[in-house]
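Structure below is coords_28.tsv: TSV, C-alpha atoms and all ligand atoms.
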```
chain	number	residue	atom	x	y	z
A	1	MET	CA	-0.30	-31.52	-21.69
A	2	SER	CA	-3.75	-32.49	-22.86
A	3	VAL	CA	-7.27	-31.28	-23.46
A	4	ILE	CA	-10.16	-33.71	-23.18
A	5	LYS	CA	-13.68	-32.84	-24.28
A	6	THR	CA	-16.58	-34.75	-22.72
A	7	PHE	CA	-20.35	-34.50	-22.77
A	8	TYR	CA	-21.42	-32.90	-19.46
A	9	ASP	CA	-25.22	-32.71	-19.37
A	10	THR	CA	-28.30	-31.47	-21.21
A	11	MET	CA	-29.93	-28.07	-20.62
A	12	PRO	CA	-33.68	-28.06	-19.81
A	13	ASP	CA	-34.29	-26.95	-23.45
A	14	GLY	CA	-32.33	-29.93	-24.82
A	15	ARG	CA	-29.08	-28.20	-25.75
A	16	GLU	CA	-25.93	-30.12	-24.86
A	17	VAL	CA	-23.32	-28.80	-22.44
A	18	TYR	CA	-19.71	-29.93	-22.85
A	19	GLN	CA	-16.80	-30.01	-20.45
A	20	TYR	CA	-13.16	-29.39	-21.39
A	21	LYS	CA	-10.41	-30.59	-19.10
A	22	ILE	CA	-6.97	-29.03	-19.60
A	23	GLU	CA	-4.15	-30.80	-17.76
A	24	ASN	CA	-0.53	-29.70	-17.65
A	25	ASN	CA	2.61	-31.79	-17.19
A	26	ASN	CA	2.54	-31.26	-13.40
A	27	GLY	CA	-0.84	-32.95	-13.01
A	28	VAL	CA	-2.55	-29.60	-12.37
A	29	PHE	CA	-5.85	-29.34	-14.24
A	30	VAL	CA	-8.89	-27.14	-14.83
A	31	GLU	CA	-12.39	-28.12	-15.95
A	32	LEU	CA	-14.38	-25.69	-18.09
A	33	LEU	CA	-18.02	-25.78	-19.15
A	34	THR	CA	-19.59	-24.37	-22.30
A	35	ARG	CA	-22.46	-23.04	-20.17
A	36	GLY	CA	-21.24	-19.61	-19.02
A	37	ALA	CA	-17.69	-20.46	-20.24
A	38	THR	CA	-17.45	-21.51	-16.60
A	39	LEU	CA	-14.24	-22.35	-14.78
A	40	ALA	CA	-15.73	-25.23	-12.80
A	41	SER	CA	-12.67	-26.66	-11.09
A	42	PHE	CA	-8.99	-25.92	-10.61
A	43	VAL	CA	-7.14	-28.85	-9.12
A	44	CYS	CA	-3.63	-28.56	-7.71
A	45	PRO	CA	-1.48	-30.22	-5.03
A	46	ASP	CA	-1.17	-29.18	-1.40
A	47	ARG	CA	2.22	-29.18	0.37
A	48	ASP	CA	2.14	-32.99	0.60
A	49	GLY	CA	1.29	-33.40	-3.06
A	50	VAL	CA	-2.36	-34.24	-2.39
A	51	LEU	CA	-4.54	-32.91	-5.20
A	52	GLY	CA	-7.51	-30.72	-4.25
A	53	ASP	CA	-10.00	-28.51	-6.03
A	54	ILE	CA	-9.49	-24.87	-4.98
A	55	LEU	CA	-12.75	-23.62	-6.47
A	56	VAL	CA	-15.95	-23.29	-4.51
A	57	GLY	CA	-18.86	-24.27	-6.73
A	58	PHE	CA	-20.94	-27.09	-8.08
A	59	ASP	CA	-20.44	-30.51	-9.59
A	60	THR	CA	-23.75	-30.78	-11.47
A	61	LEU	CA	-25.38	-28.74	-14.22
A	62	GLN	CA	-28.41	-28.37	-11.93
A	63	GLY	CA	-26.19	-26.71	-9.34
A	64	HIS	CA	-24.72	-24.35	-11.93
A	65	LEU	CA	-28.15	-23.46	-13.33
A	66	ALA	CA	-29.75	-22.85	-9.93
A	67	THR	CA	-27.01	-20.82	-8.28
A	68	THR	CA	-27.15	-17.07	-7.75
A	69	THR	CA	-23.44	-16.95	-6.89
A	70	TYR	CA	-22.05	-16.69	-10.49
A	71	ALA	CA	-19.41	-19.20	-9.31
A	72	GLY	CA	-16.68	-19.55	-11.95
A	73	GLU	CA	-18.81	-17.96	-14.66
A	74	ILE	CA	-17.68	-15.41	-17.24
A	75	ILE	CA	-19.53	-12.19	-16.51
A	76	GLY	CA	-20.47	-9.63	-19.16
A	77	GLN	CA	-21.31	-7.29	-20.65
A	78	TYR	CA	-20.65	-5.27	-17.56
A	79	ALA	CA	-19.27	-7.00	-14.45
A	80	ASN	CA	-20.45	-5.62	-11.12
A	81	ARG	CA	-22.93	-2.76	-10.81
A	82	ILE	CA	-24.35	0.04	-12.93
A	83	CYS	CA	-26.32	2.57	-10.89
A	84	ASP	CA	-30.05	2.36	-11.73
A	85	GLY	CA	-28.99	0.40	-14.83
A	86	LYS	CA	-28.56	3.69	-16.70
A	87	PHE	CA	-25.71	5.30	-18.61
A	88	THR	CA	-25.26	7.75	-21.46
A	89	LEU	CA	-23.01	7.43	-24.52
A	90	ASP	CA	-22.77	10.30	-27.03
A	91	GLY	CA	-26.00	11.80	-25.71
A	92	THR	CA	-28.04	8.59	-25.93
A	93	GLN	CA	-29.28	7.22	-22.63
A	94	TYR	CA	-29.36	3.46	-22.28
A	95	GLN	CA	-31.44	1.53	-19.78
A	96	VAL	CA	-30.05	-1.92	-19.06
A	97	THR	CA	-31.59	-4.75	-17.04
A	98	GLN	CA	-32.21	-3.85	-13.39
A	99	ASN	CA	-31.80	-7.36	-12.01
A	100	GLU	CA	-30.75	-6.39	-8.48
A	101	ASN	CA	-33.72	-5.38	-6.33
A	102	GLY	CA	-35.31	-4.04	-9.53
A	103	VAL	CA	-32.92	-1.08	-9.37
A	104	THR	CA	-29.26	-1.88	-10.08
A	105	CYS	CA	-27.78	-3.75	-13.02
A	106	LEU	CA	-25.60	-6.51	-11.52
A	107	HIS	CA	-23.18	-8.51	-13.68
A	108	GLY	CA	-24.77	-7.36	-16.93
A	109	GLY	CA	-28.20	-8.76	-16.11
A	110	GLY	CA	-27.16	-12.41	-16.44
A	111	GLU	CA	-26.73	-12.74	-20.20
A	112	TYR	CA	-23.16	-13.89	-20.76
A	113	ASN	CA	-22.89	-16.12	-17.69
A	114	SER	CA	-26.01	-18.11	-18.52
A	115	ALA	CA	-25.34	-18.44	-22.27
A	116	LEU	CA	-24.09	-21.57	-23.98
A	117	TRP	CA	-20.76	-20.65	-25.56
A	118	GLN	CA	-19.10	-22.21	-28.61
A	119	ALA	CA	-15.80	-23.87	-27.80
A	120	ILE	CA	-12.77	-25.00	-29.76
A	121	ILE	CA	-9.55	-26.63	-28.67
A	122	THR	CA	-6.84	-24.31	-30.01
A	123	ASP	CA	-3.78	-26.11	-28.60
A	124	ASP	CA	-2.88	-29.06	-26.38
A	125	ASN	CA	-3.32	-26.77	-23.36
A	126	ALA	CA	-5.89	-24.22	-24.58
A	127	VAL	CA	-9.63	-23.89	-25.18
A	128	GLU	CA	-11.28	-20.85	-26.73
A	129	PHE	CA	-14.90	-20.00	-25.94
A	130	SER	CA	-16.86	-17.56	-28.06
A	131	TYR	CA	-20.22	-15.83	-27.76
A	132	HIS	CA	-22.20	-13.33	-29.83
A	133	SER	CA	-24.23	-10.81	-27.84
A	134	PRO	CA	-26.84	-9.24	-30.12
A	135	ASP	CA	-27.37	-5.46	-30.24
A	136	GLY	CA	-29.75	-4.51	-27.42
A	137	ALA	CA	-29.33	-7.69	-25.35
A	138	GLU	CA	-30.05	-6.71	-21.71
A	139	GLY	CA	-30.25	-3.15	-23.10
A	140	PHE	CA	-26.54	-2.85	-24.02
A	141	PRO	CA	-25.75	-1.29	-27.41
A	142	GLY	CA	-23.80	-3.12	-30.11
A	143	ASN	CA	-23.42	-6.55	-31.59
A	144	VAL	CA	-20.58	-7.71	-29.39
A	145	ASP	CA	-18.41	-10.69	-30.28
A	146	ILE	CA	-16.28	-12.01	-27.46
A	147	THR	CA	-13.77	-14.79	-27.12
A	148	VAL	CA	-12.38	-16.07	-23.85
A	149	LEU	CA	-9.27	-18.18	-24.26
A	150	TYR	CA	-8.20	-20.32	-21.30
A	151	VAL	CA	-4.58	-21.56	-21.37
A	152	LEU	CA	-2.99	-23.68	-18.63
A	153	ASN	CA	0.79	-23.73	-18.90
A	154	ASP	CA	3.50	-25.70	-17.13
A	155	HIS	CA	4.25	-22.78	-14.79
A	156	ASN	CA	0.84	-23.64	-13.27
A	157	GLU	CA	-0.57	-20.41	-14.67
A	158	LEU	CA	-4.14	-20.31	-15.87
A	159	GLU	CA	-4.26	-17.49	-18.40
A	160	ILE	CA	-7.65	-16.02	-19.27
A	161	HIS	CA	-7.49	-13.91	-22.43
A	162	TYR	CA	-10.52	-11.76	-23.27
A	163	THR	CA	-10.99	-10.32	-26.79
A	164	ALA	CA	-14.07	-8.39	-27.94
A	165	THR	CA	-15.33	-6.22	-30.77
A	166	THR	CA	-18.53	-4.23	-31.32
A	167	ASP	CA	-20.33	-2.59	-34.25
A	168	LYS	CA	-21.67	0.28	-32.10
A	169	LYS	CA	-20.06	2.32	-29.34
A	170	THR	CA	-20.65	0.40	-26.10
A	171	ILE	CA	-19.27	-0.39	-22.67
A	172	VAL	CA	-17.52	-3.61	-21.70
A	173	ASN	CA	-16.30	-5.12	-18.46
A	174	PHE	CA	-15.62	-8.85	-18.44
A	175	THR	CA	-14.43	-10.99	-15.57
A	176	ASN	CA	-14.40	-14.49	-14.18
A	177	HIS	CA	-16.35	-14.84	-10.96
A	178	ALA	CA	-14.42	-17.77	-9.42
A	179	TYR	CA	-14.60	-18.29	-5.66
A	180	PHE	CA	-11.33	-19.70	-4.33
A	181	ASN	CA	-10.67	-21.71	-1.21
A	182	LEU	CA	-7.08	-22.95	-1.13
A	183	GLY	CA	-8.07	-25.51	1.50
A	184	THR	CA	-10.85	-26.85	-0.82
A	185	MET	CA	-14.56	-26.68	-0.01
A	186	ALA	CA	-14.08	-29.25	2.74
A	187	GLY	CA	-11.55	-27.00	4.48
A	188	GLY	CA	-13.92	-24.50	6.11
A	189	ASP	CA	-13.95	-20.74	5.53
A	190	VAL	CA	-11.19	-18.58	4.08
A	191	LEU	CA	-10.79	-16.13	6.97
A	192	ASP	CA	-7.36	-17.58	7.86
A	193	HIS	CA	-6.01	-17.23	4.32
A	194	GLU	CA	-3.25	-14.61	4.09
A	195	LEU	CA	-3.97	-12.01	1.41
A	196	GLN	CA	-1.71	-9.41	-0.11
A	197	LEU	CA	-3.17	-6.87	-2.55
A	198	PHE	CA	-0.99	-4.69	-4.74
A	199	CYS	CA	-3.47	-1.87	-4.30
A	200	ASP	CA	-2.94	1.50	-2.64
A	201	ALA	CA	-6.56	2.63	-2.87
A	202	PHE	CA	-10.13	1.37	-3.09
A	203	THR	CA	-13.49	2.76	-4.17
A	204	PRO	CA	-15.88	3.13	-1.19
A	205	THR	CA	-19.55	2.41	-1.87
A	206	ASP	CA	-22.94	3.62	-0.66
A	207	GLU	CA	-25.57	1.35	0.91
A	208	ARG	CA	-26.52	0.03	-2.58
A	209	SER	CA	-22.87	-0.98	-3.22
A	210	ILE	CA	-22.51	1.78	-5.81
A	211	PRO	CA	-19.17	3.63	-5.70
A	212	THR	CA	-19.44	7.13	-4.29
A	213	GLY	CA	-16.78	8.29	-6.77
A	214	GLU	CA	-14.12	8.63	-4.09
A	215	ILE	CA	-10.79	6.90	-4.54
A	216	ARG	CA	-9.67	6.38	-0.95
A	217	PRO	CA	-6.13	5.42	0.08
A	218	VAL	CA	-6.12	2.10	1.96
A	219	ALA	CA	-3.47	3.38	4.42
A	220	GLY	CA	-4.73	3.24	7.98
A	221	THR	CA	-7.92	1.35	7.07
A	222	ALA	CA	-9.15	-2.26	7.21
A	223	PHE	CA	-8.63	-2.22	3.42
A	224	ASP	CA	-4.87	-2.10	3.71
A	225	PHE	CA	-3.64	-5.44	2.35
A	226	ARG	CA	-0.36	-4.00	1.03
A	227	THR	CA	1.39	-6.23	3.53
A	228	ALA	CA	-0.10	-9.72	3.70
A	229	LYS	CA	-2.64	-10.23	6.47
A	230	LYS	CA	-5.38	-12.72	7.25
A	231	ILE	CA	-8.59	-12.01	5.32
A	232	GLY	CA	-10.44	-12.27	8.63
A	233	ARG	CA	-8.15	-10.01	10.68
A	234	ASP	CA	-10.06	-6.76	10.21
A	235	ILE	CA	-13.23	-8.03	8.51
A	236	GLY	CA	-15.33	-7.53	11.65
A	237	LEU	CA	-14.18	-3.98	12.39
A	238	ASP	CA	-16.83	-1.34	12.96
A	239	ASP	CA	-16.21	0.39	9.63
A	240	VAL	CA	-19.37	1.41	7.74
A	241	GLN	CA	-17.79	0.11	4.52
A	242	LEU	CA	-17.48	-3.38	6.02
A	243	VAL	CA	-20.72	-3.31	7.96
A	244	GLN	CA	-22.94	-2.43	5.00
A	245	CYS	CA	-21.41	-5.20	2.84
A	246	ARG	CA	-21.09	-7.74	5.71
A	247	GLY	CA	-17.38	-7.98	4.90
A	248	TYR	CA	-15.22	-7.12	1.90
A	249	ASP	CA	-17.13	-6.52	-1.32
A	250	HIS	CA	-15.13	-3.68	-2.80
A	251	ASN	CA	-13.19	-2.65	-5.84
A	252	PHE	CA	-9.49	-2.07	-5.20
A	253	CYS	CA	-7.42	0.11	-7.56
A	254	VAL	CA	-4.51	-2.00	-8.77
A	255	SER	CA	-1.20	-0.15	-8.48
A	256	GLY	CA	0.88	0.48	-11.58
A	257	GLU	CA	-0.14	1.21	-15.11
A	258	SER	CA	-3.44	-0.19	-16.27
A	259	GLY	CA	-3.11	-1.85	-19.68
A	260	LYS	CA	0.10	-3.54	-18.49
A	261	LEU	CA	0.19	-6.98	-16.92
A	262	ARG	CA	1.18	-6.54	-13.26
A	263	PRO	CA	0.71	-8.27	-9.91
A	264	VAL	CA	-2.73	-7.90	-8.36
A	265	ALA	CA	-2.75	-10.28	-5.41
A	266	LYS	CA	-0.99	-13.09	-3.57
A	267	VAL	CA	-2.87	-15.49	-1.33
A	268	SER	CA	-1.58	-18.30	0.83
A	269	ASP	CA	-3.15	-20.86	3.08
A	270	GLU	CA	-0.94	-22.01	5.92
A	271	LYS	CA	-3.01	-25.16	6.54
A	272	SER	CA	-2.80	-26.66	3.04
A	273	GLY	CA	0.37	-24.94	1.93
A	274	ARG	CA	-1.32	-23.85	-1.32
A	275	LYS	CA	-0.73	-20.44	-2.87
A	276	LEU	CA	-2.45	-18.33	-5.51
A	277	GLU	CA	-1.08	-15.36	-7.39
A	278	VAL	CA	-3.15	-13.07	-9.58
A	279	PHE	CA	-1.90	-10.85	-12.41
A	280	SER	CA	-3.93	-8.60	-14.68
A	281	ASP	CA	-3.78	-5.61	-17.01
A	282	LEU	CA	-7.12	-4.24	-15.78
A	283	PRO	CA	-7.43	-1.19	-13.50
A	284	GLY	CA	-9.33	-2.85	-10.64
A	285	VAL	CA	-10.11	-5.98	-8.70
A	286	GLN	CA	-13.22	-6.81	-6.67
A	287	LEU	CA	-12.39	-8.51	-3.41
A	288	TYR	CA	-15.59	-10.32	-2.44
A	289	THR	CA	-15.42	-12.57	0.61
A	290	GLY	CA	-18.62	-14.55	0.04
A	291	ASN	CA	-20.50	-12.41	2.57
A	292	PHE	CA	-23.93	-13.29	1.24
A	293	LEU	CA	-23.42	-17.05	1.13
A	294	ASP	CA	-25.67	-18.50	3.82
A	295	GLY	CA	-25.57	-22.27	3.42
A	296	SER	CA	-28.78	-22.36	1.38
A	297	GLU	CA	-26.96	-23.63	-1.74
A	298	THR	CA	-25.32	-27.04	-1.73
A	299	GLY	CA	-22.11	-27.36	-3.71
A	300	LYS	CA	-19.47	-29.92	-4.63
A	301	GLY	CA	-19.49	-33.09	-2.59
A	302	GLY	CA	-22.79	-32.09	-0.95
A	303	ILE	CA	-21.08	-29.30	1.01
A	304	PRO	CA	-23.19	-26.18	1.64
A	305	LEU	CA	-21.79	-22.79	0.61
A	306	GLN	CA	-21.49	-21.05	3.97
A	307	LYS	CA	-20.58	-17.42	4.64
A	308	HIS	CA	-16.91	-16.77	3.70
A	309	ALA	CA	-16.60	-20.23	2.10
A	310	GLY	CA	-14.52	-18.62	-0.64
A	311	PHE	CA	-13.01	-15.35	-1.80
A	312	CYS	CA	-13.27	-13.78	-5.25
A	313	LEU	CA	-10.65	-11.63	-6.94
A	314	GLU	CA	-12.60	-10.36	-9.92
A	315	THR	CA	-10.28	-8.33	-12.13
A	316	GLN	CA	-12.31	-5.55	-13.71
A	317	TYR	CA	-13.00	-1.92	-14.58
A	318	TYR	CA	-14.27	-0.10	-11.52
A	319	PRO	CA	-17.98	-0.65	-10.76
A	320	ASP	CA	-20.35	1.94	-12.24
A	321	THR	CA	-17.56	3.36	-14.42
A	322	PRO	CA	-20.09	4.49	-17.10
A	323	ASN	CA	-21.42	7.01	-14.56
A	324	GLN	CA	-18.09	8.03	-13.06
A	325	PRO	CA	-16.12	10.36	-15.35
A	326	ASP	CA	-12.99	10.10	-13.17
A	327	PHE	CA	-12.75	6.29	-13.39
A	328	PRO	CA	-10.68	4.67	-16.20
A	329	SER	CA	-12.89	4.38	-19.28
A	330	CYS	CA	-14.57	1.09	-20.25
A	331	VAL	CA	-15.90	2.33	-23.62
A	332	LEU	CA	-15.35	0.12	-26.67
A	333	GLU	CA	-15.60	1.74	-30.10
A	334	PRO	CA	-16.41	-0.01	-33.38
A	335	GLY	CA	-13.25	-0.85	-35.32
A	336	LYS	CA	-11.27	-1.31	-32.09
A	337	THR	CA	-10.49	-4.65	-30.44
A	338	PHE	CA	-10.73	-4.98	-26.67
A	339	LYS	CA	-8.01	-7.23	-25.25
A	340	SER	CA	-7.31	-8.13	-21.67
A	341	LEU	CA	-5.44	-10.81	-19.75
A	342	THR	CA	-5.80	-12.16	-16.22
A	343	ILE	CA	-3.60	-14.93	-14.82
A	344	PHE	CA	-4.28	-17.18	-11.83
A	345	LYS	CA	-1.06	-18.96	-10.85
A	346	VAL	CA	-1.00	-21.77	-8.29
B	401	LIG	C1	-20.52	-8.57	-6.01
B	401	LIG	C2	-21.30	-9.00	-4.78
B	401	LIG	C3	-22.26	-10.08	-5.20
B	401	LIG	C4	-21.49	-11.22	-5.82
B	401	LIG	C5	-22.40	-12.30	-6.34
B	401	LIG	C6	-19.77	-9.75	-6.53
B	401	LIG	O1	-19.06	-9.38	-7.67
B	401	LIG	O2	-19.66	-7.49	-5.74
B	401	LIG	O3	-22.00	-7.90	-4.22
B	401	LIG	O4	-22.99	-10.54	-4.09
B	401	LIG	O5	-20.72	-10.74	-6.89
B	401	LIG	O6	-23.30	-11.76	-7.23
```
Take the structure in the file and write it out as structure tokens.
Ligand code: BGC
Amino acid sequence: MSVIKTFYDTMPDGREVYQYKIENNNGVFVELLTRGATLASFVCPDRDGVLGDILVGFDTLQGHLATTTYAGEIIGQYANRICDGKFTLDGTQYQVTQNENGVTCLHGGGEYNSALWQAIITDDNAVEFSYHSPDGAEGFPGNVDITVLYVLNDHNELEIHYTATTDKKTIVNFTNHAYFNLGTMAGGDVLDHELQLFCDAFTPTDERSIPTGEIRPVAGTAFDFRTAKKIGRDIGLDDVQLVQCRGYDHNFCVSGESGKLRPVAKVSDEKSGRKLEVFSDLPGVQLYTGNFLDGSETGKGGIPLQKHAGFCLETQYYPDTPNQPDFPSCVLEPGKTFKSLTIFKV
């Protein structure tokens, strides 16, 4: 196993961006960038042993800086949406950045994912990224210190460990926004990938993609992935939930006890023979099928990011939890340490 640090590129303001490559003894490797603590590539063999990069994204800093996709980036302080960018903690109302149509807070307003993180190699297969978010950044309370530790082991598991503390009561929801395509970017869309979700329910949304508060069983709906089916099988059904999001862009409630590591999803691609399994201790996962990609951004190898070019499985607290008393709490108190683990296994 090895970790190699290399200079990647220079930010427009002159700061240097570094890349860390972690490779295991099977020849599987990931490439990570200090900008956004980004998971930039995840390379593994297909059924014939041919290596391919299963992440949809960019191969230049320019691409990473220009994109609106959040591809591979660490999202904080609150992944997904907060209604009107408002929430109340102990009677104090907070207004956070309304970066989506001037109304909703999406992915924390863009702070964590566009920051330059500190990085240290902590083992021959591990890199730890850290970031300090000052009190009031994007409107969120608390000086928040976060570390994201990426470990790639010889079971071909990429572990992502999140640890955070605050000095003021706040809300946290961190995720990695990787877009996967097990057939690589050159392999077309992901509609033929078979997906199984260990989720009995999902949280329907309104036309702004804000959860209505309902926790709806998936049984009998297009959202039933309890038995593996093609991502594209039901995506075009005339269901208002699918129509208003142009496909899947929903939080699923992961079965079993939140706080415990458990299976979230299994994906397979018949064409390449590659597989992906996801495990997490978080209560939810956002299945996003790249519905808003429209070919206007050009990614790795000069390939445009077309609709459904990748799928995301963003492990998370449910969207808009701060305004939904019945959703599992995402509050972090001073003196407590937030810890969470998500694993992507190929
Ligand atoms: C959201 C989508 C959004 C995408 C890129 C996903 O987490 O649910 O609505 O388009 O991120 O920002």
Worksheet entry | Surrounding residues as a VMD selection string, ligand LIG 401 (chain B), max 7 Å, all atoms listed in the file | chain A and resid 68 to 70 80 177 249 to 250 286 288 292 314
Restricting the output to C-alpha atoms, write the selected residues as a compact mmCIF listing (two decimals), in the coordinates of the input.
```txt
# COMPACT_ATOMS: atom_id res chain seq x y z
CA THR A 68 -27.15 -17.07 -7.75
CA THR A 69 -23.44 -16.95 -6.89
CA TYR A 70 -22.05 -16.69 -10.49
CA ASN A 80 -20.45 -5.62 -11.12
CA HIS A 177 -16.35 -14.84 -10.96
CA ASP A 249 -17.13 -6.52 -1.32
CA HIS A 250 -15.13 -3.68 -2.80
CA GLN A 286 -13.22 -6.81 -6.67
CA TYR A 288 -15.59 -10.32 -2.44
CA PHE A 292 -23.93 -13.29 1.24
CA GLU A 314 -12.60 -10.36 -9.92
```
Residues of segment 56-126 of chain A that approach segment 141-158 of chain A to 12 Å or less, counting all atoms listed in the file: could you list each one with the shortest pair of atoms and its distance in Å to one decimal, rows by chain and increasing residue number, as a Markdown table?
```
| residue | atom | partner | partner_atom | distance |
| --- | --- | --- | --- | --- |
| A:Glu73 | CA | A:Val148 | CA | 11.4 |
| A:Ile74 | CA | A:Val148 | CA | 8.5 |
| A:Ile75 | CA | A:Val148 | CA | 11.0 |
| A:Gly76 | CA | A:Ile146 | CA | 9.6 |
| A:Gln77 | CA | A:Val144 | CA | 8.8 |
| A:Tyr78 | CA | A:Pro141 | CA | 11.8 |
| A:Phe87 | CA | A:Pro141 | CA | 11.0 |
| A:Thr88 | CA | A:Pro141 | CA | 10.8 |
| A:Leu89 | CA | A:Pro141 | CA | 9.6 |
| A:Asp90 | CA | A:Pro141 | CA | 12.0 |
| A:Thr92 | CA | A:Pro141 | CA | 10.2 |
| A:Gln93 | CA | A:Pro141 | CA | 10.4 |
| A:Tyr94 | CA | A:Pro141 | CA | 7.9 |
| A:Gln95 | CA | A:Pro141 | CA | 9.9 |
| A:Val96 | CA | A:Pro141 | CA | 9.4 |
| A:Tyr112 | CA | A:Ile146 | CA | 9.8 |
| A:Trp117 | CA | A:Thr147 | CA | 9.3 |
| A:Gln118 | CA | A:Thr147 | CA | 9.3 |
| A:Ala119 | CA | A:Thr147 | CA | 9.3 |
| A:Ile120 | CA | A:Leu149 | CA | 9.4 |
| A:Ile121 | CA | A:Leu149 | CA | 9.5 |
| A:Thr122 | CA | A:Leu149 | CA | 8.7 |
| A:Asp123 | CA | A:Val151 | CA | 8.6 |
| A:Asp124 | CA | A:Val151 | CA | 9.2 |
| A:Asn125 | CA | A:Leu152 | CA | 5.7 |
| A:Ala126 | CA | A:Val151 | CA | 4.4 |
```
Worksheet, complete the sentence: Using all atoms listed in the file, the best pick from A:Glu159, A:Asp9, A:Asp46, A:Glu128 as closest to Leu261 of chain A would be A:Glu159
Worksheet item: Between A:Gly259, A:Gly110, A:Gly139, A:Pro319, which has the minimum distance to Pro211 of chain A (counting all atoms listed in the file)?
Response: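 When distances to Pro211 of chain A are compared using all atoms listed in the file, the smallest one comes from A:Pro319.
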Worksheet item: Got a sec: who's within 8 Å of Ser272 of chain A, counting only C-alpha atoms, leaving out chain neighbours fewer than 4 positions off, as a list of chain:residue names?
Response: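 Answer for this query is A:Asp46, A:Arg47, A:Leu182, A:Gly183.
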Item to complete: Choose the residue, out of A:Tyr162, A:Met185, A:Ala71, A:Leu51, that has the smallest atom-to-atom separation from Gly302 of chain A; count only C-alpha atoms.
Response: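 Going through A:Tyr162, A:Met185, A:Ala71, A:Leu51 one by one, the smallest distance to Gly302 of chain A is for A:Met185.
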Discussion item. What does the structure give for the distance between atom CA of Glu138 of chain A and atom CA of Asp206 of chain A, in Å to one decimal?
Written reply: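 One can read the atom CA of Glu138 of chain A to atom CA of Asp206 of chain A distance as 24.5 Å.
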Discussion item. Using Å and a single decimal, report how far atom CA of Gly310 of chain A sits from atom CA of Arg226 of chain A.
Written reply: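 Taking atom CA of Arg226 of chain A as the start and atom CA of Gly310 of chain A as the end point, the length is 20.4 Å.
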Worksheet entry | Top pick for closest residue to Asp238 of chain A, considering A:Lys275, A:Asp84, A:Tyr131, A:Ala222 and counting all atoms listed in the file |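 Closest to Asp238 of chain A of all the choices is A:Ala222.
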Item to complete: Please tell me which residues are no farther than 8 Å from (-6.5, 1.9, -3.9) in the file, counting only C-alpha atoms, and write them as a PyMOL selection string.
Response: chain A and resi 199-203+215-218+252-255
Fill in: Using all atoms listed in the file: which of A:Ser280, A:Thr342, A:Asn181, A:Thr163 has the shortest distance to Ile231 of chain A
A:Asn181
Worksheet item: Suppose you want the space between atom CA of Thr227 of chain A and atom CA of Lys260 of chain A; what is it in Å?
Response: 22.2 Å
Item to complete: Name the closest residue to Ser329 of chain A among the candidates A:Ala178, A:Val30, A:Val172, A:Ala79; distances are taken between atoms, counting all atoms listed in the file.
Response: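 Of the candidates, the smallest distance to Ser329 of chain A is held by A:Val172.
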Worksheet item: So which residues are close to (-5.2, -8.8, 6.2), meaning at most 10 Å away in the file's coordinates with only C-alpha atoms counted, and can you show them as a ChimeraX atom specification?
Response: /A:191-197,222-235
Practice prompt. Write out as a ChimeraX atom specification which residues come within 7 Å of Tyr317 of chain A when counting only C-alpha atoms, dropping same-chain ones fewer than 5 positions away.
Written response: /A:173,282-284,330
Since the input has fewer atoms than a full residue there, write segment 103-113 of chain A out with N, CA and C atoms, as a PDB file, keeping the file's coordinate frame.
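File written: out-v8.pdb
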```pdb
ATOM      1  N   VAL A 103     -33.494  -2.432  -9.310  1.00  0.00           N
ATOM      2  CA  VAL A 103     -32.920  -1.080  -9.370  1.00  0.00           C
ATOM      3  C   VAL A 103     -31.565  -1.079 -10.119  1.00  0.00           C
ATOM      4  N   THR A 104     -30.638  -1.896  -9.596  1.00  0.00           N
ATOM      5  CA  THR A 104     -29.260  -1.880 -10.080  1.00  0.00           C
ATOM      6  C   THR A 104     -29.079  -2.933 -11.169  1.00  0.00           C
ATOM      7  N   CYS A 105     -28.183  -2.673 -12.111  1.00  0.00           N
ATOM      8  CA  CYS A 105     -27.780  -3.750 -13.020  1.00  0.00           C
ATOM      9  C   CYS A 105     -26.574  -4.438 -12.390  1.00  0.00           C
ATOM     10  N   LEU A 106     -26.706  -5.733 -12.107  1.00  0.00           N
ATOM     11  CA  LEU A 106     -25.600  -6.510 -11.520  1.00  0.00           C
ATOM     12  C   LEU A 106     -25.127  -7.540 -12.536  1.00  0.00           C
ATOM     13  N   HIS A 107     -23.809  -7.517 -12.809  1.00  0.00           N
ATOM     14  CA  HIS A 107     -23.180  -8.510 -13.680  1.00  0.00           C
ATOM     15  C   HIS A 107     -23.867  -8.604 -15.048  1.00  0.00           C
ATOM     16  N   GLY A 108     -24.267  -7.430 -15.552  1.00  0.00           N
ATOM     17  CA  GLY A 108     -24.770  -7.360 -16.930  1.00  0.00           C
ATOM     18  C   GLY A 108     -26.161  -7.929 -17.113  1.00  0.00           C
ATOM     19  N   GLY A 109     -26.823  -8.270 -16.007  1.00  0.00           N
ATOM     20  CA  GLY A 109     -28.200  -8.760 -16.110  1.00  0.00           C
ATOM     21  C   GLY A 109     -28.277 -10.271 -16.292  1.00  0.00           C
ATOM     22  N   GLY A 110     -27.129 -10.944 -16.420  1.00  0.00           N
ATOM     23  CA  GLY A 110     -27.160 -12.410 -16.440  1.00  0.00           C
ATOM     24  C   GLY A 110     -27.050 -13.031 -17.828  1.00  0.00           C
ATOM     25  N   GLU A 111     -26.751 -12.217 -18.827  1.00  0.00           N
ATOM     26  CA  GLU A 111     -26.730 -12.740 -20.200  1.00  0.00           C
ATOM     27  C   GLU A 111     -25.534 -13.667 -20.475  1.00  0.00           C
ATOM     28  N   TYR A 112     -24.341 -13.138 -20.343  1.00  0.00           N
ATOM     29  CA  TYR A 112     -23.160 -13.890 -20.760  1.00  0.00           C
ATOM     30  C   TYR A 112     -22.971 -15.154 -19.916  1.00  0.00           C
ATOM     31  N   ASN A 113     -23.199 -15.015 -18.603  1.00  0.00           N
ATOM     32  CA  ASN A 113     -22.890 -16.120 -17.690  1.00  0.00           C
ATOM     33  C   ASN A 113     -23.889 -17.266 -17.799  1.00  0.00           C
TER      34      ASN A 113
END
```
